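Before any comments, here is the structure.
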Amino acid sequence: MSNISNTNHEQAQSPGFEQDPFASAFPETREFWSAAEAGRLMLNTCEDCHRPHWYPRMVCPLCGSTRLRWQQATGKGTLYAFSTARRATPAYTLAYVQLAEGPTLLTNVVEADPDALAIGMSVQVTFRRAEEGRMMPFFKPDSPI
């Protein structure tokens, strides 16, 4: 797992997603990573079946169309499932979050006491920078817990 930072000092010194080997290996995700730099969560939406999907790819997994467009997501979702790795250093919570738009993301929950999390809890996106350079979407409770 990548080390993640969320301090302004570390973000300002990071080279950004253009230098990140993962982001640069998949040019079709460039718009996604560019929006993440600005704190926006984007989803591919199919122009034929009109449904958004996750993860970013060149073909709609729901109907096979290649007619896709990027659409900004609300960043709101619901905690579908989660597990906290308490023996890890530092401990972290891995989760599936179902977005308001429909797709489900595998992500981490941050800024929350794992013991206060509950299935069905409202969450919202927040971004943190990975050590490789790209801003990554994470989720936090929609209201303080």
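So you can find residues: chains in the structure tokens are A, B, ... in the order shown, residues in each start at 1, and ligands are numbered from 1 in order.
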I'd like the neighbourhood of stretch 133-145 of chain A as a PyMOL selection string, where a residue qualifies if any of its atoms comes within 7 Å (using only C-alpha atoms), though same-chain residues fewer than 5 positions away should be ignored. chain A and resi 14-17+19-20+33+36-37+107-112+116+122-128
Selection: 10 Å around A:Gly64, only C-alpha atoms, excl. self and same-chain fewer than 3 positions, as a tab-separated table (two decimals) with N, CA and C atoms, in the first residue's frame:
```
chain	number	residue	atom	x	y	z
A	46	CYS	N	-21.44	6.28	-19.98
A	46	CYS	CA	-21.64	5.79	-21.34
A	46	CYS	C	-22.70	6.64	-22.04
A	48	ASP	N	-24.25	5.64	-24.68
A	48	ASP	CA	-25.26	4.75	-25.25
A	48	ASP	C	-26.23	4.23	-24.19
A	49	CYS	N	-25.72	3.69	-23.08
A	49	CYS	CA	-26.62	3.16	-22.04
A	49	CYS	C	-26.88	4.18	-20.94
A	58	MET	N	-11.69	2.32	-21.21
A	58	MET	CA	-12.01	2.81	-22.55
A	58	MET	C	-13.30	2.23	-23.12
A	59	VAL	N	-13.84	1.18	-22.49
A	59	VAL	CA	-15.04	0.52	-22.97
A	59	VAL	C	-16.03	0.42	-21.82
A	60	CYS	N	-17.29	0.71	-22.10
A	60	CYS	CA	-18.32	0.58	-21.07
A	60	CYS	C	-18.48	-0.89	-20.69
A	61	PRO	N	-18.30	-1.24	-19.41
A	61	PRO	CA	-18.43	-2.64	-19.01
A	61	PRO	C	-19.90	-3.09	-18.93
A	67	ARG	N	-18.34	4.83	-26.62
A	67	ARG	CA	-18.78	6.23	-26.57
A	67	ARG	C	-18.95	6.64	-25.11
```
Every residue of stretch 10-139 of chain A that DSSP places in helix (DSSP H, G or I), as JSON, numbers by chain: {"A": [10, 11, 12, 13, 17, 18, 19, 21, 22, 23, 24, 25, 27, 28, 29, 30, 31, 32, 33, 34, 35, 36, 37, 114, 115, 116]}
Atoms kept (C-alpha atoms) for selection, written as a PDB file, in the first residue's frame:
```
ATOM      1  CA  GLU A  10       3.729  17.748   0.996  1.00  0.00           C
ATOM      2  CA  GLN A  11       1.129  18.399  -1.715  1.00  0.00           C
ATOM      3  CA  ALA A  12       2.902  21.536  -2.879  1.00  0.00           C
ATOM      4  CA  GLN A  13       6.223  19.698  -3.260  1.00  0.00           C
ATOM      5  CA  PHE A  17       0.128  12.813 -11.487  1.00  0.00           C
ATOM      6  CA  GLU A  18       2.135  13.406 -14.688  1.00  0.00           C
ATOM      7  CA  GLN A  19       5.213  11.889 -13.010  1.00  0.00           C
ATOM      8  CA  PRO A  21       4.119   5.699 -13.081  1.00  0.00           C
ATOM      9  CA  PHE A  22       0.629   4.271 -12.485  1.00  0.00           C
ATOM     10  CA  ALA A  23      -1.224   7.295 -13.845  1.00  0.00           C
ATOM     11  CA  SER A  24       1.080   7.650 -16.856  1.00  0.00           C
ATOM     12  CA  ALA A  25       0.744   3.935 -17.716  1.00  0.00           C
ATOM     13  CA  PRO A  27      -3.376   7.541 -20.693  1.00  0.00           C
ATOM     14  CA  GLU A  28      -7.143   6.992 -20.903  1.00  0.00           C
ATOM     15  CA  THR A  29      -7.339   7.972 -17.208  1.00  0.00           C
ATOM     16  CA  ARG A  30      -5.550  11.320 -17.659  1.00  0.00           C
ATOM     17  CA  GLU A  31      -8.746  13.369 -17.293  1.00  0.00           C
ATOM     18  CA  PHE A  32      -9.616  11.487 -14.099  1.00  0.00           C
ATOM     19  CA  TRP A  33      -6.217  12.230 -12.494  1.00  0.00           C
ATOM     20  CA  SER A  34      -6.271  15.833 -13.701  1.00  0.00           C
ATOM     21  CA  ALA A  35      -9.673  16.369 -12.046  1.00  0.00           C
ATOM     22  CA  ALA A  36      -8.438  14.635  -8.872  1.00  0.00           C
ATOM     23  CA  GLU A  37      -5.644  17.225  -8.701  1.00  0.00           C
ATOM     24  CA  PRO A 114     -13.204   2.636  12.906  1.00  0.00           C
ATOM     25  CA  ASP A 115     -15.391   1.656  15.877  1.00  0.00           C
ATOM     26  CA  ALA A 116     -17.882   4.401  14.956  1.00  0.00           C
TER      27      ALA A 116
END
```
With only C-alpha atoms as the counted atoms, please give the residues lying no more than 10 Å from A:Ala95, apart from itself and same-chain residues fewer than 3 positions off, as a PyMOL selection string. chain A and resi 79-84+92+98+104-109+119+138-139
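In this model, the gap between atom CA of A:Ala73 and atom CA of A:Glu132 comes to 24.4 Å.
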A straight line from atom CA of A:Thr78 to atom CA of A:Pro56 spans 20.1 Å
TODO: Enumerate the residues of stretch 24-141 of chain A with a DSSP assignment of strand (DSSP E), computed from the backbone, and present them as a count of residues only.
DONE: 52
Of A:Ala38, A:Ala130, A:Leu43, A:Met121, the one nearest to A:Thr74 when counting only C-alpha atoms is A:Leu43
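One distance worth recording is that between atom CA of A:Ala88 and atom CA of A:Ala118, which is 20.9 Å.
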If you count only C-alpha atoms, the residue of A:Ala85, A:Leu99, A:Trp70, A:Cys63 closest to A:Asn44 turns out to be A:Trp70
